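Trainee: I am sharing data-v4.tsv, which consists of TSV, C-alpha atoms and all ligand atoms:
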```tsv
chain	number	residue	atom	x	y	z
A	1	SER	CA	22.53	16.14	1.63
A	2	ASP	CA	25.09	14.93	4.21
A	3	PRO	CA	27.84	13.07	2.25
A	4	ASP	CA	28.33	10.62	5.10
A	5	LEU	CA	24.65	9.67	5.06
A	6	VAL	CA	24.68	9.41	1.26
A	7	ALA	CA	27.61	6.98	1.44
A	8	ARG	CA	25.90	4.97	4.22
A	9	ALA	CA	22.63	4.71	2.28
A	10	ALA	CA	24.52	3.58	-0.84
A	11	ALA	CA	26.53	1.01	1.15
A	12	ALA	CA	23.43	-0.39	2.87
A	13	LYS	CA	21.58	-0.67	-0.43
A	14	ALA	CA	24.56	-2.40	-2.03
A	15	ALA	CA	24.80	-4.83	0.90
A	16	LEU	CA	21.11	-5.71	0.57
A	17	GLY	CA	21.24	-6.08	-3.21
A	18	THR	CA	18.06	-7.38	-4.83
A	19	LYS	CA	16.59	-8.28	-1.42
A	20	VAL	CA	15.46	-4.67	-1.08
A	21	PHE	CA	13.35	-2.61	-3.45
A	22	VAL	CA	12.97	1.09	-2.73
A	23	LEU	CA	9.86	2.89	-4.00
A	24	GLY	CA	9.76	6.69	-4.06
A	25	HIS	CA	6.69	8.87	-4.55
A	26	HIS	CA	7.20	11.98	-6.67
A	27	TYR	CA	6.66	14.23	-3.63
A	28	GLN	CA	9.67	12.82	-1.77
A	29	ARG	CA	12.72	14.92	-0.96
A	30	ASP	CA	15.68	14.94	-3.40
A	31	GLU	CA	17.92	13.35	-0.76
A	32	VAL	CA	15.55	10.36	-0.63
A	33	ILE	CA	14.46	10.12	-4.25
A	34	GLN	CA	18.09	9.57	-5.34
A	35	PHE	CA	17.92	6.13	-3.68
A	36	ALA	CA	14.60	5.06	-5.17
A	37	ASP	CA	14.73	2.08	-7.54
A	38	VAL	CA	11.55	3.40	-9.07
A	39	THR	CA	9.68	6.69	-8.73
A	40	GLY	CA	6.04	7.21	-9.51
A	41	ASP	CA	2.61	8.45	-8.57
A	42	SER	CA	0.51	6.33	-6.27
A	43	PHE	CA	-0.95	4.24	-9.13
A	44	LYS	CA	2.42	3.41	-10.66
A	45	LEU	CA	3.92	2.60	-7.25
A	46	ALA	CA	1.04	0.25	-6.38
A	47	ARG	CA	1.63	-1.61	-9.65
A	48	GLU	CA	5.41	-1.70	-9.09
A	49	ALA	CA	4.99	-3.10	-5.57
A	50	ALA	CA	2.70	-5.83	-6.94
A	51	ALA	CA	5.23	-6.65	-9.67
A	52	ARG	CA	8.21	-7.35	-7.37
A	53	PRO	CA	7.59	-10.80	-5.90
A	54	ASP	CA	11.34	-11.42	-5.45
A	55	ALA	CA	12.04	-8.45	-3.21
A	56	GLU	CA	12.05	-9.53	0.43
A	57	TYR	CA	11.83	-5.94	1.65
A	58	ILE	CA	9.89	-3.11	0.04
A	59	VAL	CA	11.05	0.18	1.53
A	60	PHE	CA	8.26	2.63	0.78
A	61	CYS	CA	9.33	6.27	0.63
A	62	GLY	CA	5.89	7.78	0.62
A	63	VAL	CA	3.06	7.92	3.14
A	64	HIS	CA	1.29	5.36	5.32
A	65	PHE	CA	-1.69	4.56	3.06
A	66	MET	CA	0.70	3.78	0.18
A	67	ALA	CA	2.71	1.39	2.34
A	68	GLU	CA	-0.51	-0.31	3.45
A	69	SER	CA	-1.55	-0.76	-0.18
A	70	ALA	CA	1.87	-2.21	-0.98
A	71	ASP	CA	1.49	-4.69	1.91
A	72	ILE	CA	-1.94	-5.72	0.61
A	73	LEU	CA	-0.64	-6.21	-2.94
A	74	THR	CA	2.52	-8.15	-2.02
A	75	SER	CA	2.89	-11.69	-0.70
A	76	ASP	CA	2.90	-12.60	2.99
A	77	ALA	CA	6.63	-13.31	2.85
A	78	GLN	CA	7.42	-9.76	1.72
A	79	LYS	CA	7.83	-7.02	4.28
A	80	VAL	CA	6.88	-3.42	3.64
A	81	ILE	CA	8.78	-0.76	5.57
A	82	LEU	CA	7.86	2.90	6.05
A	83	PRO	CA	11.05	4.70	7.18
A	84	ASP	CA	9.10	7.11	9.46
A	85	LEU	CA	5.81	5.95	10.95
A	86	ALA	CA	4.73	9.59	11.34
A	87	ALA	CA	4.42	9.90	7.55
A	88	GLY	CA	0.63	9.88	7.41
A	89	CYS	CA	-1.77	11.81	5.19
A	90	SER	CA	-4.20	14.38	6.52
A	91	MET	CA	-6.65	13.60	3.71
A	92	ALA	CA	-6.68	9.88	4.46
A	93	ASP	CA	-7.32	10.71	8.12
A	94	MET	CA	-10.48	12.60	7.14
A	95	ALA	CA	-12.37	9.34	6.48
A	96	VAL	CA	-12.57	7.01	9.47
A	97	LEU	CA	-14.23	3.60	9.09
A	98	SER	CA	-16.88	4.19	11.78
A	99	GLN	CA	-17.93	7.43	10.04
A	100	VAL	CA	-18.20	5.70	6.67
A	101	GLU	CA	-20.25	2.89	8.22
A	102	THR	CA	-22.59	5.50	9.70
A	103	ALA	CA	-22.97	7.13	6.29
A	104	TRP	CA	-23.73	3.74	4.74
A	105	ASP	CA	-26.38	3.13	7.43
A	106	VAL	CA	-27.99	6.45	6.48
A	107	LEU	CA	-28.09	5.38	2.82
A	108	THR	CA	-29.42	1.95	3.80
A	109	GLU	CA	-32.27	3.48	5.80
A	110	LEU	CA	-33.16	5.66	2.82
A	111	GLY	CA	-33.24	2.54	0.65
A	112	VAL	CA	-30.51	3.74	-1.71
A	113	ALA	CA	-27.43	1.84	-0.45
A	114	ALA	CA	-28.14	-1.14	-2.72
A	115	ASP	CA	-27.81	1.10	-5.77
A	116	THR	CA	-24.81	3.05	-4.45
A	117	VAL	CA	-21.26	2.06	-5.37
A	118	PRO	CA	-18.52	3.16	-2.95
A	119	VAL	CA	-15.37	4.44	-4.66
A	120	THR	CA	-12.34	5.39	-2.64
A	121	TYR	CA	-9.31	7.33	-3.66
A	122	MET	CA	-6.06	5.48	-3.03
A	123	ASN	CA	-5.40	8.16	-0.40
A	124	SER	CA	-7.41	6.36	2.27
A	125	SER	CA	-6.68	3.83	5.02
A	126	ALA	CA	-6.74	0.08	4.40
A	127	ASP	CA	-9.90	-0.02	6.58
A	128	ILE	CA	-11.72	2.22	4.11
A	129	LYS	CA	-10.50	0.20	1.14
A	130	GLY	CA	-11.71	-2.92	2.95
A	131	PHE	CA	-15.15	-1.34	3.40
A	132	VAL	CA	-15.25	-0.48	-0.29
A	133	GLY	CA	-14.23	-4.00	-1.29
A	134	ARG	CA	-16.90	-5.52	0.97
A	135	ASN	CA	-19.55	-3.36	-0.65
A	136	GLY	CA	-18.80	-3.95	-4.32
A	137	GLY	CA	-16.74	-0.84	-4.96
A	138	VAL	CA	-13.36	0.10	-6.39
A	139	VAL	CA	-10.24	2.04	-5.51
A	140	CYS	CA	-9.06	4.81	-7.84
A	141	THR	CA	-6.10	7.12	-8.13
A	142	SER	CA	-5.81	10.50	-9.78
A	143	SER	CA	-4.60	8.66	-12.93
A	144	ASN	CA	-7.71	6.55	-13.36
A	145	ALA	CA	-10.56	8.28	-11.50
A	146	LYS	CA	-12.67	8.64	-14.65
A	147	ARG	CA	-12.26	5.00	-15.60
A	148	ALA	CA	-13.12	3.92	-12.05
A	149	LEU	CA	-16.22	6.13	-12.01
A	150	ASP	CA	-17.32	4.91	-15.46
A	151	TRP	CA	-17.09	1.37	-14.10
A	152	ALA	CA	-18.94	2.33	-10.90
A	153	PHE	CA	-21.82	3.88	-12.84
A	154	GLU	CA	-22.17	0.63	-14.76
A	155	GLN	CA	-22.71	-1.14	-11.40
A	156	GLY	CA	-25.14	1.34	-9.84
A	157	SER	CA	-26.80	4.72	-10.29
A	158	LYS	CA	-25.07	6.56	-7.43
A	159	VAL	CA	-21.52	6.81	-6.09
A	160	LEU	CA	-20.25	7.48	-2.58
A	161	PHE	CA	-16.82	9.02	-3.26
A	162	LEU	CA	-14.20	8.92	-0.48
A	163	PRO	CA	-12.37	10.88	0.88
A	164	ASP	CA	-11.35	13.65	-1.57
A	165	GLN	CA	-14.28	15.85	-2.52
A	166	HIS	CA	-12.17	17.68	-5.10
A	167	LEU	CA	-11.01	14.67	-7.11
A	168	GLY	CA	-14.59	13.37	-7.07
A	169	ARG	CA	-16.19	16.64	-8.13
A	170	ASN	CA	-13.54	17.56	-10.69
A	171	THR	CA	-13.75	14.17	-12.36
A	172	ALA	CA	-17.55	14.00	-12.36
A	173	VAL	CA	-18.12	17.55	-13.58
A	174	LEU	CA	-15.15	18.20	-15.86
A	175	GLU	CA	-14.67	14.75	-17.36
A	176	MET	CA	-18.02	12.98	-17.17
A	177	GLY	CA	-20.63	15.62	-17.90
A	178	PHE	CA	-22.29	15.70	-14.48
A	179	SER	CA	-23.45	19.07	-13.16
A	180	LEU	CA	-22.45	20.58	-9.83
A	181	ASP	CA	-26.05	19.97	-8.73
A	182	ASP	CA	-25.58	16.24	-9.29
A	183	CYS	CA	-22.97	16.32	-6.49
A	184	VAL	CA	-23.65	16.77	-2.77
A	185	LEU	CA	-21.12	17.16	0.03
A	186	TYR	CA	-21.44	14.71	2.92
A	187	ASP	CA	-20.01	16.10	6.16
A	188	PRO	CA	-19.21	13.20	8.52
A	189	HIS	CA	-19.39	15.52	11.52
A	190	LYS	CA	-23.07	16.35	10.97
A	191	PRO	CA	-26.14	14.14	11.36
A	192	ASN	CA	-27.06	12.63	7.96
A	193	GLY	CA	-23.95	14.32	6.60
A	194	GLY	CA	-25.74	17.69	6.87
A	195	LEU	CA	-28.00	16.65	3.97
A	196	THR	CA	-31.73	16.11	3.59
A	197	ALA	CA	-33.20	12.75	2.57
A	198	GLU	CA	-34.19	14.31	-0.75
A	199	GLN	CA	-30.66	15.56	-1.44
A	200	LEU	CA	-29.21	12.14	-0.66
A	201	ARG	CA	-31.81	10.40	-2.86
A	202	ASP	CA	-31.36	12.76	-5.81
A	203	ALA	CA	-27.56	13.04	-5.83
A	204	LYS	CA	-25.52	11.11	-8.38
A	205	MET	CA	-22.25	11.77	-6.57
A	206	ILE	CA	-22.13	11.85	-2.78
A	207	LEU	CA	-18.77	13.48	-2.06
A	208	TRP	CA	-17.09	12.93	1.28
A	209	ARG	CA	-15.97	16.17	2.91
A	210	GLY	CA	-12.22	15.51	2.70
A	211	HIS	CA	-9.44	17.39	0.96
A	212	CYS	CA	-5.67	17.60	0.58
A	213	SER	CA	-4.18	20.30	2.78
A	214	VAL	CA	-1.39	20.85	0.24
A	215	HIS	CA	-3.39	21.11	-3.00
A	216	GLY	CA	-6.27	22.80	-1.20
A	217	ARG	CA	-4.08	25.85	-0.66
A	218	PHE	CA	-4.09	26.90	-4.31
A	219	THR	CA	-6.82	29.43	-5.01
A	220	LEU	CA	-8.36	31.18	-7.98
A	221	ASP	CA	-6.22	34.19	-6.97
A	222	SER	CA	-3.08	32.04	-7.40
A	223	VAL	CA	-4.16	31.35	-10.99
A	224	ASN	CA	-5.14	34.96	-11.76
A	225	ASP	CA	-1.93	36.33	-10.20
A	226	VAL	CA	0.37	34.11	-12.23
A	227	ARG	CA	-1.51	34.86	-15.46
A	228	GLU	CA	-0.98	38.57	-14.77
A	229	ARG	CA	2.69	38.18	-13.88
A	230	VAL	CA	3.59	35.78	-16.71
A	231	PRO	CA	1.65	36.45	-19.92
A	232	GLY	CA	1.12	33.26	-21.94
A	233	VAL	CA	1.78	30.97	-18.97
A	234	ASN	CA	0.20	27.50	-19.02
A	235	VAL	CA	-1.46	26.56	-15.75
A	236	LEU	CA	-1.15	22.84	-14.97
A	237	VAL	CA	-2.72	21.49	-11.79
A	238	HIS	CA	-3.44	18.27	-9.91
A	239	PRO	CA	-7.13	17.23	-9.61
A	240	GLU	CA	-6.90	17.42	-5.80
A	241	CYS	CA	-7.08	21.21	-6.28
A	242	ARG	CA	-10.37	23.04	-5.69
A	243	HIS	CA	-12.94	23.01	-8.48
A	244	GLU	CA	-12.56	26.72	-9.29
A	245	VAL	CA	-8.77	26.30	-9.58
A	246	VAL	CA	-9.06	23.29	-11.88
A	247	THR	CA	-11.72	25.06	-13.96
A	248	ALA	CA	-9.47	28.10	-14.39
A	249	ALA	CA	-6.39	25.98	-15.23
A	250	ASP	CA	-5.33	24.99	-18.74
A	251	GLN	CA	-4.64	21.36	-17.93
A	252	VAL	CA	-5.29	18.96	-15.08
A	253	GLY	CA	-3.81	15.58	-14.24
A	254	SER	CA	-2.04	13.26	-11.82
A	255	THR	CA	1.60	13.72	-10.95
A	256	GLU	CA	2.64	11.31	-13.72
A	257	TYR	CA	0.55	13.32	-16.19
A	258	ILE	CA	2.12	16.57	-14.98
A	259	ILE	CA	5.62	15.17	-15.50
A	260	LYS	CA	4.84	13.87	-19.00
A	261	THR	CA	3.24	17.17	-19.96
A	262	ILE	CA	6.28	19.17	-18.86
A	263	GLU	CA	8.63	16.74	-20.61
A	264	ALA	CA	6.69	17.13	-23.87
A	265	ALA	CA	6.41	20.93	-23.63
A	266	PRO	CA	8.35	23.01	-26.17
A	267	ALA	CA	11.50	24.86	-25.10
A	268	GLY	CA	10.75	28.40	-24.02
A	269	SER	CA	7.22	27.64	-22.83
A	270	ALA	CA	6.13	28.81	-19.38
A	271	TRP	CA	4.33	26.60	-16.85
A	272	ALA	CA	2.80	27.34	-13.47
A	273	VAL	CA	2.37	24.00	-11.74
A	274	GLY	CA	-0.14	23.42	-8.95
A	275	THR	CA	1.15	20.42	-7.06
A	276	GLU	CA	3.62	19.55	-4.32
A	277	LEU	CA	6.78	21.65	-4.26
A	278	ASN	CA	9.46	18.91	-4.21
A	279	LEU	CA	8.15	17.71	-7.56
A	280	VAL	CA	7.85	21.21	-9.06
A	281	ARG	CA	11.40	22.09	-7.99
A	282	ARG	CA	12.79	18.91	-9.56
A	283	LEU	CA	10.87	19.59	-12.78
A	284	ALA	CA	12.29	23.12	-12.92
A	285	LEU	CA	15.86	21.81	-12.43
A	286	ALA	CA	15.40	19.07	-15.03
A	287	HIS	CA	14.04	21.48	-17.66
A	288	PRO	CA	16.18	24.63	-17.62
A	289	ASP	CA	15.08	25.39	-21.20
A	290	LYS	CA	11.50	25.86	-20.00
A	291	GLN	CA	10.14	28.31	-17.45
A	292	ILE	CA	8.70	26.10	-14.71
A	293	MET	CA	7.28	27.79	-11.62
A	294	PHE	CA	5.20	26.96	-8.59
A	295	LEU	CA	1.59	28.06	-8.94
A	296	ASP	CA	1.48	29.90	-5.62
A	297	LYS	CA	3.79	32.47	-4.07
A	298	ALA	CA	3.87	30.63	-0.74
A	299	VAL	CA	5.88	27.41	-0.35
A	300	CYS	CA	3.79	24.31	-0.23
A	301	TYR	CA	5.49	21.03	0.72
A	302	CYS	CA	3.57	18.05	1.96
A	303	SER	CA	4.84	17.97	5.54
A	304	THR	CA	4.14	14.28	6.03
A	305	MET	CA	5.82	13.24	2.76
A	306	ASN	CA	8.81	15.27	4.00
A	307	ARG	CA	8.96	13.21	7.20
A	308	ILE	CA	10.85	10.61	5.18
A	309	ASP	CA	14.33	12.08	5.14
A	310	LEU	CA	17.77	10.63	4.54
A	311	PRO	CA	18.49	9.86	8.24
A	312	HIS	CA	15.28	7.79	8.46
A	313	LEU	CA	16.03	5.99	5.20
A	314	VAL	CA	19.60	5.19	6.30
A	315	TRP	CA	18.33	3.91	9.64
A	316	ALA	CA	15.74	1.62	8.03
A	317	LEU	CA	18.27	0.24	5.51
A	318	GLU	CA	21.06	-0.28	8.03
A	319	GLU	CA	18.70	-2.09	10.38
A	320	LEU	CA	17.81	-4.44	7.51
A	321	VAL	CA	21.51	-5.07	6.89
A	322	ALA	CA	21.78	-5.97	10.59
A	323	GLY	CA	18.89	-8.41	10.17
A	324	ARG	CA	16.28	-6.29	11.93
A	325	VAL	CA	13.03	-5.18	10.30
A	326	VAL	CA	11.89	-1.81	11.63
A	327	ASN	CA	8.68	0.12	10.95
A	328	GLN	CA	7.00	-2.75	9.16
A	329	ILE	CA	3.49	-1.90	7.91
A	330	THR	CA	1.01	-4.75	8.11
A	331	VAL	CA	-2.69	-4.91	7.40
A	332	ASP	CA	-4.80	-7.54	9.18
A	333	PRO	CA	-5.73	-10.45	6.89
A	334	ASP	CA	-9.49	-9.85	6.81
A	335	THR	CA	-9.15	-6.14	5.98
A	336	ALA	CA	-6.40	-6.95	3.49
A	337	HIS	CA	-8.57	-9.54	1.73
A	338	HIS	CA	-11.44	-7.11	1.12
A	339	ALA	CA	-9.17	-4.16	0.34
A	340	ARG	CA	-7.41	-6.35	-2.21
A	341	VAL	CA	-10.73	-6.99	-3.97
A	342	ALA	CA	-11.17	-3.22	-4.42
A	343	LEU	CA	-7.53	-2.71	-5.43
A	344	ASP	CA	-7.62	-5.62	-7.91
A	345	GLN	CA	-10.79	-4.14	-9.37
A	346	MET	CA	-8.84	-0.92	-9.95
A	347	LEU	CA	-5.87	-2.76	-11.50
A	348	ALA	CA	-8.31	-4.56	-13.82
A	349	LEU	CA	-9.96	-1.38	-15.13
A	350	PRO	CA	-9.70	-1.20	-18.92
A	351	GLY	CA	-7.11	1.14	-20.44
B	401	LIG	P1	-0.97	10.89	-7.17
B	401	LIG	O1	0.30	10.23	-6.74
B	401	LIG	O2	-2.01	9.85	-7.49
B	401	LIG	O3	-0.82	11.90	-8.24
B	401	LIG	O4	-1.57	11.62	-5.88
B	401	LIG	C1	-0.99	12.73	-5.34
B	401	LIG	C2	-0.95	12.68	-3.88
B	401	LIG	O5	-1.40	13.55	-3.20
B	401	LIG	C3	-0.30	11.56	-3.27
B	401	LIG	O6	-0.38	11.70	-1.93
B	402	LIG	FE1	-1.97	13.49	1.64
B	402	LIG	FE2	-2.04	15.73	0.20
B	402	LIG	FE3	0.25	14.96	1.31
B	402	LIG	FE4	-0.78	13.59	-0.76
B	402	LIG	S1	-0.03	15.68	-0.79
B	402	LIG	S2	0.07	12.72	1.14
B	402	LIG	S3	-2.99	13.79	-0.33
B	402	LIG	S4	-1.65	15.56	2.41
```
Output the structure of this file as structure tokens.
Ligand code: 13P
Ligand code: SF4
Mentor:
Amino acid sequence: SDPDLVARAAAAKAALGTKVFVLGHHYQRDEVIQFADVTGDSFKLAREAAARPDAEYIVFCGVHFMAESADILTSDAQKVILPDLAAGCSMADMAVLSQVETAWDVLTELGVAADTVPVTYMNSSADIKGFVGRNGGVVCTSSNAKRALDWAFEQGSKVLFLPDQHLGRNTAVLEMGFSLDDCVLYDPHKPNGGLTAEQLRDAKMILWRGHCSVHGRFTLDSVNDVRERVPGVNVLVHPECRHEVVTAADQVGSTEYIIKTIEAAPAGSAWAVGTELNLVRRLALAHPDKQIMFLDKAVCYCSTMNRIDLPHLVWALEELVAGRVVNQITVDPDTAHHARVALDQMLALPG
């Protein structure tokens, strides 16, 4: 990265001292991650944001829904900054509040809403988390989806899982003993989600038709190809991957799990990793004694995570030094209150 920008970022951080706390998601660029006070997956970063009451400014190097969650979990006096407002998430955009309210109306008319617990993946807007909090549900991340679903099935007999169909299906089928037939796919663009009343009544898991455009690109062919090319390779994937990819893989887990697994792997072992490329490249560099490769032949960055680059980070930090807060992310108090209920429920899950 540009040495001048590196020096400016370091100087701005030094000038701000403990007033600023920089959080970096594992999918961030190297040039940005070097300035993170803490790195993590979305669960760890949510906990870190909540645990920093002294930091006046939280600079969130990640995407919009993560910055919103940080704003909800921090005090009113703390300001959360997203260095580029265009850093959204295509998956989070796949569930819009009005669509979810329509789906809930459908379930209400069928008489099953009262027994349905809404569960939303962290990768959703504050509006959706607010809806979930208002309706007795919980937020989950890829680190705790099973625990969140176990809790949800203690509260009701059916779950509406938002917005990632893959995390919902993979967790229910591969970790909880549900069958594929227990899951139905609700398409918000079709009347009644494209489902019959009977399907909606019988389903245990109503999966929202959302997915991650990055993890969704890995296919069964990617797994078969790498097994052919690299005999003995271990295939390690994120649960946002398609069901057939996760089923064919050797191990599945959140980004934190992926990192720990690679760290614990014996020297000489070979790993094909199905997650975002910035993380896989860093893992490969950090473990030259192991053969770490990207699961697919094509490159696969998250384009919105990559929006946060060093020029944007320097700009946000230097503006803070000058006493100006740019790109602050705020959630309205009513939404924040209800979203916080669902986030606190997640943070209180056992284990
Ligand atoms: P985790 O950080 O929970 O592993 O999720 C991955 C992701 O896609 C974040 O946007
Ligand atoms: Fe969203 Fe996928 Fe990018 Fe994560 S990796 S921010 S889920 S598009």
Trainee: Just want the 6 Å neighbourhood of segment 311-322 of chain A, counted on all atoms listed in the file, with same-chain residues fewer than 2 positions away dropped. Output as a PyMOL selection string.
Mentor: chain A and resi 9+12+83+309+324-325
Trainee: Could you check which of A:Pro333, A:Pro163, A:Gly194, A:Gly177 is closest to Arg209 of chain A, using all atoms listed in the file?
Mentor: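 The answer is A:Pro163, which sits nearest to Arg209 of chain A.
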Trainee: Please return the centre and edge lengths, in Å to one decimal, of a box with edges along x, y and z that contains all listed atoms of segment 307-319 of chain A, widened by 8 Å on every side, as JSON.
Mentor:
```
{"center_x": 15.0, "center_y": 5.6, "center_z": 7.5, "size_x": 28.1, "size_y": 31.3, "size_z": 21.8}
```
Trainee: Looking at only C-alpha atoms, which of A:Arg47, A:Lys290, A:His64, A:His338 is the one that sits closest to Asn234 of chain A?
Mentor: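 Result for the nearest residue to Asn234 of chain A: A:Lys290.
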Trainee: Mind listing the residues within 6 Å of ligand LIG 401 (chain B), only C-alpha atoms and all ligand atoms counted, as a ChimeraX atom specification?
Mentor: /A:41-43,141-142,254-255
